[in-house]
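Participant: Encoded as structure tokens, here's the structure I'll be asking about.
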Amino acid sequence: MITHADLTQDVVRLARLTDADQALRVIRVVLASLAHRLPMPQRRRLREAMPGPERDAAYATVPPAADDVTGLVGEVARHLDVPPERARFLAQAVLSRIAEDEPELGQDLREHLADGYAPLFSPPPAYAERMHSATDAPAPLTSDEVDRELGRRPQWSGDPGHLTRIVALPEDRLPPLLNAVERAARDARHQVDVKRTDGGVAFTLSTRSVHAVTRLDLELADRIDEAVAAVGSGGHPG
């Protein structure tokens, strides 16, 4: 069951807000923006699941908006006067808590939303403050950015937390590949987790300082692809 105290406290913690009043405003904006995109039965179900202070925000009488997730993020950004990436993070903070407390409700909402909304129901990435601060720390990529970059790298799979490529090669081709990847990681001053598998090796990339995928991981992924192509010319690249 979703309670007002638990929901606001969780959003304060996840979104690094200052107090429950600020969290309540964020929750109400996110719920109102979501309700605009739901069919009427799901709007009613969402409203019934919400505690009193959030209940009225979780309902709408206008026809459902037929846009993608960018529309919801843009609406949240406008109402809260924050950048789109911060708006996405806040939406995830709210909707992931609802989905965790009411899994059946979360599933029902996802099934009645357009493609692309599902990531909003997953917990937001760690260290979100690094997304907008001018620090030397690498910035985590958003879910959309990771999906786009994976589309350009079909041999890789993953999510905002990590990237993985499994390479199948004959046993005698693995040592030169591993040596080449080790050199690439050393040159990039980055790290790669290596695990031997049946018939090959699995490479996993994630920037440990922010517990997320960053541009550093993409650059090293490309270097690994180059090594696989070079070494695999004498075998069977994965």
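Note on naming: chains are A, B, ... as they come in the structure tokens, residues start from 1 per chain, ligands start from 1 in the order shown.
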So that I can see what lies close to segment 77-89 of chain A, please list as an MDAnalysis selection string the residues with an atom at most 8 Å from it, counting only C-alpha atoms and leaving out residues fewer than 2 positions away in the same chain.
Facilitator: chainID A and resid 15 26 29 73:75 91:93 120 124:125 128 131 142
Participant: Let's have the selection written as a CSV table (one decimal), in the first residue's frame, with N, CA, C and O atoms.
Facilitator:
chain,number,residue,atom,x,y,z
A,15,ALA,N,15.5,11.7,-4.9
A,15,ALA,CA,15.7,12.9,-5.7
A,15,ALA,C,16.6,13.9,-5.1
A,15,ALA,O,16.8,15.0,-5.7
A,26,VAL,N,6.7,17.8,-6.5
A,26,VAL,CA,7.2,16.9,-7.6
A,26,VAL,C,6.3,15.8,-7.9
A,26,VAL,O,5.9,15.5,-9.0
A,29,VAL,N,3.1,16.9,-9.7
A,29,VAL,CA,3.3,17.3,-11.1
A,29,VAL,C,3.5,16.0,-12.0
A,29,VAL,O,3.0,15.9,-13.1
A,73,VAL,N,8.2,14.1,-20.1
A,73,VAL,CA,9.4,14.7,-19.5
A,73,VAL,C,9.3,16.2,-19.7
A,73,VAL,O,9.6,17.0,-18.8
A,74,GLY,N,8.9,16.7,-20.9
A,74,GLY,CA,8.8,18.1,-21.2
A,74,GLY,C,7.8,18.8,-20.3
A,74,GLY,O,8.0,19.9,-19.8
A,75,GLU,N,6.7,18.1,-20.1
A,75,GLU,CA,5.6,18.7,-19.2
A,75,GLU,C,6.1,18.9,-17.8
A,75,GLU,O,5.9,19.9,-17.2
A,91,ALA,N,10.8,12.1,-12.5
A,91,ALA,CA,9.7,11.2,-12.8
A,91,ALA,C,10.1,9.8,-12.4
A,91,ALA,O,9.2,9.0,-11.9
A,92,GLN,N,11.3,9.4,-12.7
A,92,GLN,CA,11.7,8.1,-12.3
A,92,GLN,C,11.7,7.9,-10.8
A,92,GLN,O,11.3,6.8,-10.3
A,93,ALA,N,12.1,8.9,-10.0
A,93,ALA,CA,12.0,8.8,-8.6
A,93,ALA,C,10.6,8.5,-8.1
A,93,ALA,O,10.4,7.7,-7.1
A,120,LEU,N,10.9,4.8,-17.1
A,120,LEU,CA,10.5,5.7,-16.1
A,120,LEU,C,10.1,5.0,-14.8
A,120,LEU,O,10.0,5.6,-13.7
A,124,PRO,N,15.9,5.6,-10.5
A,124,PRO,CA,16.8,6.6,-11.2
A,124,PRO,C,18.2,6.2,-11.0
A,124,PRO,O,18.5,5.5,-10.0
A,125,PRO,N,19.2,6.6,-11.9
A,125,PRO,CA,20.6,6.2,-11.7
A,125,PRO,C,21.2,6.9,-10.5
A,125,PRO,O,20.7,7.9,-10.0
A,128,ALA,N,22.9,11.2,-9.5
A,128,ALA,CA,22.3,12.0,-10.5
A,128,ALA,C,22.7,13.5,-10.5
A,128,ALA,O,22.6,14.2,-11.5
A,131,MET,N,24.9,14.7,-13.3
A,131,MET,CA,24.4,14.9,-14.7
A,131,MET,C,24.5,16.4,-15.1
A,131,MET,O,24.6,16.7,-16.3
A,142,THR,N,21.9,8.8,-20.1
A,142,THR,CA,20.5,8.5,-19.8
A,142,THR,C,20.1,7.2,-20.5
A,142,THR,O,20.8,6.7,-21.3
Participant: Pick out the residues sitting within 8 Å of segment 156-169 of chain A, and hand them over as a PyMOL selection string; count only C-alpha atoms, and ignore anything fewer than 3 positions along from it in its own chain.
Facilitator: chain A and resi 125+140-143+146-147+150+153+173-174+199-206+211-213+217+228+232+235-238
Participant: Taking C-alpha atoms for each residue, export the selection above as a PDB file, in the first residue's frame.
Facilitator:
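New file result_39.pdb:
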ATOM      1  CA  PRO A 125      20.567   6.207 -11.676  1.00  0.00           C
ATOM      2  CA  PRO A 140      26.103   9.043 -16.564  1.00  0.00           C
ATOM      3  CA  LEU A 141      24.258   8.500 -19.828  1.00  0.00           C
ATOM      4  CA  THR A 142      20.470   8.537 -19.808  1.00  0.00           C
ATOM      5  CA  SER A 143      18.398   5.503 -20.784  1.00  0.00           C
ATOM      6  CA  VAL A 146      22.330   4.246 -23.889  1.00  0.00           C
ATOM      7  CA  ASP A 147      19.650   2.802 -26.172  1.00  0.00           C
ATOM      8  CA  LEU A 150      23.657   0.402 -28.332  1.00  0.00           C
ATOM      9  CA  ARG A 153      26.984  -1.053 -31.471  1.00  0.00           C
ATOM     10  CA  ARG A 173      42.905 -16.383 -30.409  1.00  0.00           C
ATOM     11  CA  LEU A 174      41.856 -15.398 -26.890  1.00  0.00           C
ATOM     12  CA  GLY A 199      33.825 -20.738 -26.132  1.00  0.00           C
ATOM     13  CA  GLY A 200      34.952 -17.185 -25.533  1.00  0.00           C
ATOM     14  CA  VAL A 201      35.026 -14.219 -23.204  1.00  0.00           C
ATOM     15  CA  ALA A 202      32.594 -11.601 -21.859  1.00  0.00           C
ATOM     16  CA  PHE A 203      33.583  -7.936 -21.513  1.00  0.00           C
ATOM     17  CA  THR A 204      31.585  -5.705 -19.151  1.00  0.00           C
ATOM     18  CA  LEU A 205      31.978  -1.941 -18.946  1.00  0.00           C
ATOM     19  CA  SER A 206      30.757   0.487 -16.289  1.00  0.00           C
ATOM     20  CA  HIS A 211      28.065   3.284 -10.982  1.00  0.00           C
ATOM     21  CA  ALA A 212      26.758   3.938 -14.495  1.00  0.00           C
ATOM     22  CA  VAL A 213      27.617   3.942 -18.189  1.00  0.00           C
ATOM     23  CA  ASP A 217      32.692   3.171 -21.507  1.00  0.00           C
ATOM     24  CA  VAL A 228      38.042  -8.109 -31.792  1.00  0.00           C
ATOM     25  CA  GLY A 232      39.178 -12.198 -34.970  1.00  0.00           C
ATOM     26  CA  GLY A 235      39.169 -16.841 -36.083  1.00  0.00           C
ATOM     27  CA  HIS A 236      35.461 -16.273 -35.504  1.00  0.00           C
ATOM     28  CA  PRO A 237      34.692 -12.910 -33.886  1.00  0.00           C
ATOM     29  CA  GLY A 238      31.637 -12.721 -31.657  1.00  0.00           C
TER      30      GLY A 238
END
Participant: Suppose you want the space between atom CA of Ala20 of chain A and atom CA of Ala5 of chain A; what is it in Å?
Facilitator: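 Going from atom CA of Ala20 of chain A over to atom CA of Ala5 of chain A, I get 8.4 Å.
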Participant: When DSSP works through the backbone of this structure, what residues of segment 2-201 of chain A end up as strand (DSSP E), shown as a list of chain:residue names?
Facilitator: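 Checking each residue of segment 2-201 of chain A, the strand (DSSP E) ones are A:Ser157, A:Gly158, A:Asp159, A:His162, A:Leu163, A:Thr164, A:Arg165, A:Ile166, A:Val167, A:Ala168, A:Asp193, A:Val194, A:Lys195, A:Arg196, A:Thr197, A:Gly200, A:Val201.
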Participant: Quick check for you: according to DSSP on this backbone, which residues of segment 113-203 of chain A are classed as helix (DSSP H, G or I)? Reply as a PyMOL selection string.
Facilitator: chain A and resi 118-121+128-131+143-151+171-188
Participant: Do you have the atom CA of Gly116 of chain A-atom CA of Glu219 of chain A distance handy?
Facilitator: 25.7 Å
Participant: Name the residues in contact with Leu113 of chain A at a cut-off of 10 Å, using only C-alpha atoms, excluding same-chain residues fewer than 4 positions from it; report them as a ChimeraX atom specification.
Facilitator: /A:34,37-39,42,64,66-69,108-109,117-118
Participant: Please produce an output containing all heavy atoms for each residue in the selection, written as an mmCIF file, in the first residue's frame.
Facilitator:
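Resulting contents of part.cif:
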data_model
loop_
_atom_site.group_PDB
_atom_site.id
_atom_site.type_symbol
_atom_site.label_atom_id
_atom_site.label_comp_id
_atom_site.auth_asym_id
_atom_site.auth_seq_id
_atom_site.Cartn_x
_atom_site.Cartn_y
_atom_site.Cartn_z
ATOM 1 N N LEU A 34 1.470 12.160 -15.900
ATOM 2 C CA LEU A 34 1.230 10.768 -16.267
ATOM 3 C C LEU A 34 -0.247 10.522 -16.556
ATOM 4 O O LEU A 34 -0.594 9.853 -17.538
ATOM 5 C CB LEU A 34 1.695 9.846 -15.141
ATOM 6 C CG LEU A 34 1.474 8.356 -15.376
ATOM 7 C CD1 LEU A 34 2.364 7.857 -16.504
ATOM 8 C CD2 LEU A 34 1.731 7.559 -14.092
ATOM 9 N N ARG A 37 -1.756 10.970 -19.918
ATOM 10 C CA ARG A 37 -1.350 10.040 -20.974
ATOM 11 C C ARG A 37 -1.943 8.641 -20.799
ATOM 12 O O ARG A 37 -1.591 7.729 -21.541
ATOM 13 C CB ARG A 37 0.179 9.977 -21.024
ATOM 14 C CG ARG A 37 0.740 11.261 -21.608
ATOM 15 C CD ARG A 37 2.153 11.591 -21.189
ATOM 16 N NE ARG A 37 2.561 12.838 -21.857
ATOM 17 C CZ ARG A 37 2.277 14.056 -21.394
ATOM 18 N NH1 ARG A 37 1.621 14.203 -20.258
ATOM 19 N NH2 ARG A 37 2.631 15.124 -22.085
ATOM 20 N N LEU A 38 -2.816 8.483 -19.824
ATOM 21 C CA LEU A 38 -3.415 7.183 -19.529
ATOM 22 C C LEU A 38 -4.864 7.114 -19.995
ATOM 23 O O LEU A 38 -5.582 8.113 -19.943
ATOM 24 C CB LEU A 38 -3.365 6.910 -18.023
ATOM 25 C CG LEU A 38 -1.996 6.642 -17.396
ATOM 26 C CD1 LEU A 38 -2.122 6.647 -15.882
ATOM 27 C CD2 LEU A 38 -1.429 5.318 -17.890
ATOM 28 N N PRO A 39 -5.319 5.934 -20.399
ATOM 29 C CA PRO A 39 -6.756 5.750 -20.645
ATOM 30 C C PRO A 39 -7.533 5.929 -19.336
ATOM 31 O O PRO A 39 -6.979 5.801 -18.240
ATOM 32 C CB PRO A 39 -6.843 4.304 -21.156
ATOM 33 C CG PRO A 39 -5.461 3.960 -21.588
ATOM 34 C CD PRO A 39 -4.530 4.746 -20.711
ATOM 35 N N GLN A 42 -7.255 3.358 -16.338
ATOM 36 C CA GLN A 42 -5.971 3.412 -15.624
ATOM 37 C C GLN A 42 -5.843 4.694 -14.803
ATOM 38 O O GLN A 42 -5.212 4.697 -13.741
ATOM 39 C CB GLN A 42 -4.806 3.292 -16.615
ATOM 40 C CG GLN A 42 -4.524 1.866 -17.073
ATOM 41 C CD GLN A 42 -5.684 1.267 -17.857
ATOM 42 O OE1 GLN A 42 -6.241 1.924 -18.746
ATOM 43 N NE2 GLN A 42 -6.050 0.032 -17.536
ATOM 44 N N PRO A 64 -6.537 11.347 -23.626
ATOM 45 C CA PRO A 64 -5.128 11.000 -23.426
ATOM 46 C C PRO A 64 -4.219 11.652 -24.472
ATOM 47 O O PRO A 64 -4.569 11.717 -25.649
ATOM 48 C CB PRO A 64 -5.104 9.472 -23.567
ATOM 49 C CG PRO A 64 -6.506 9.039 -23.303
ATOM 50 C CD PRO A 64 -7.383 10.156 -23.796
ATOM 51 N N ALA A 66 -1.333 11.666 -26.991
ATOM 52 C CA ALA A 66 -0.768 10.585 -27.811
ATOM 53 C C ALA A 66 0.676 10.888 -28.180
ATOM 54 O O ALA A 66 1.065 10.849 -29.340
ATOM 55 C CB ALA A 66 -1.611 10.383 -29.063
ATOM 56 N N ASP A 67 1.501 11.247 -27.192
ATOM 57 C CA ASP A 67 2.897 11.554 -27.474
ATOM 58 C C ASP A 67 3.799 10.490 -26.863
ATOM 59 O O ASP A 67 3.332 9.538 -26.236
ATOM 60 C CB ASP A 67 3.261 12.948 -26.951
ATOM 61 C CG ASP A 67 2.977 13.099 -25.456
ATOM 62 O OD1 ASP A 67 2.680 12.089 -24.803
ATOM 63 O OD2 ASP A 67 3.061 14.225 -24.946
ATOM 64 N N ASP A 68 5.102 10.653 -27.032
ATOM 65 C CA ASP A 68 6.027 9.691 -26.453
ATOM 66 C C ASP A 68 6.515 10.216 -25.105
ATOM 67 O O ASP A 68 6.028 11.232 -24.594
ATOM 68 C CB ASP A 68 7.193 9.417 -27.404
ATOM 69 C CG ASP A 68 7.965 10.689 -27.757
ATOM 70 O OD1 ASP A 68 7.827 11.704 -27.028
ATOM 71 O OD2 ASP A 68 8.703 10.662 -28.750
ATOM 72 N N VAL A 69 7.489 9.507 -24.537
ATOM 73 C CA VAL A 69 7.946 9.846 -23.194
ATOM 74 C C VAL A 69 8.536 11.252 -23.136
ATOM 75 O O VAL A 69 8.512 11.905 -22.087
ATOM 76 C CB VAL A 69 8.971 8.799 -22.710
ATOM 77 C CG1 VAL A 69 10.254 8.884 -23.522
ATOM 78 C CG2 VAL A 69 9.257 8.934 -21.233
ATOM 79 N N ASP A 108 0.287 -2.507 -15.000
ATOM 80 C CA ASP A 108 -0.897 -2.067 -15.744
ATOM 81 C C ASP A 108 -0.642 -0.718 -16.413
ATOM 82 O O ASP A 108 -1.003 -0.507 -17.580
ATOM 83 C CB ASP A 108 -2.087 -1.975 -14.792
ATOM 84 C CG ASP A 108 -3.397 -1.711 -15.528
ATOM 85 O OD1 ASP A 108 -3.540 -2.134 -16.689
ATOM 86 O OD2 ASP A 108 -4.293 -1.082 -14.923
ATOM 87 N N LEU A 109 -0.012 0.183 -15.709
ATOM 88 C CA LEU A 109 0.271 1.500 -16.277
ATOM 89 C C LEU A 109 1.236 1.389 -17.453
ATOM 90 O O LEU A 109 1.022 2.016 -18.503
ATOM 91 C CB LEU A 109 0.859 2.423 -15.206
ATOM 92 C CG LEU A 109 -0.046 2.729 -14.005
ATOM 93 C CD1 LEU A 109 0.667 3.647 -13.032
ATOM 94 C CD2 LEU A 109 -1.371 3.322 -14.437
ATOM 95 N N TYR A 117 8.001 4.396 -22.343
ATOM 96 C CA TYR A 117 7.730 4.867 -20.985
ATOM 97 C C TYR A 117 8.282 3.938 -19.908
ATOM 98 O O TYR A 117 8.474 4.350 -18.763
ATOM 99 C CB TYR A 117 6.223 5.040 -20.769
ATOM 100 C CG TYR A 117 5.655 6.316 -21.318
ATOM 101 C CD1 TYR A 117 5.212 6.394 -22.631
ATOM 102 C CD2 TYR A 117 5.551 7.455 -20.530
ATOM 103 C CE1 TYR A 117 4.687 7.566 -23.152
ATOM 104 C CE2 TYR A 117 5.028 8.638 -21.039
ATOM 105 C CZ TYR A 117 4.593 8.675 -22.353
ATOM 106 O OH TYR A 117 4.076 9.843 -22.861
ATOM 107 N N ALA A 118 8.509 2.673 -20.255
ATOM 108 C CA ALA A 118 8.885 1.681 -19.251
ATOM 109 C C ALA A 118 10.083 2.092 -18.389
ATOM 110 O O ALA A 118 10.065 1.870 -17.169
ATOM 111 C CB ALA A 118 9.137 0.328 -19.921
#
Participant: Determine the nearest neighbour of Ala139 of chain A from the options A:Val210, A:Leu46, A:Ala221, A:Ala188, counting only C-alpha atoms.
Facilitator: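 Ranking A:Val210, A:Leu46, A:Ala221, A:Ala188 by distance to Ala139 of chain A, first place goes to A:Val210.
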Participant: Would you kindly return, as a ChimeraX atom specification, each protein, DNA or RNA residue with an atom no farther than 10 Å from any atom of Glu100 of chain A, considering only C-alpha atoms and excluding same-chain residues fewer than 4 positions away?
Facilitator: /A:1-2,95-96,104-106,121-123
Participant: With distances taken over only C-alpha atoms, which residue among A:Ala58, A:Val194, A:Val181, A:Leu216 lies nearest Val231 of chain A?
Facilitator: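 Nearest to Val231 of chain A: A:Val181.
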Participant: Name the residues in contact with Glu54 of chain A at a cut-off of 8 Å, using only C-alpha atoms, excluding same-chain residues fewer than 2 positions from it; report them as a ChimeraX atom specification.
Facilitator: /A:4,24,27-28,31,50-52,56-58
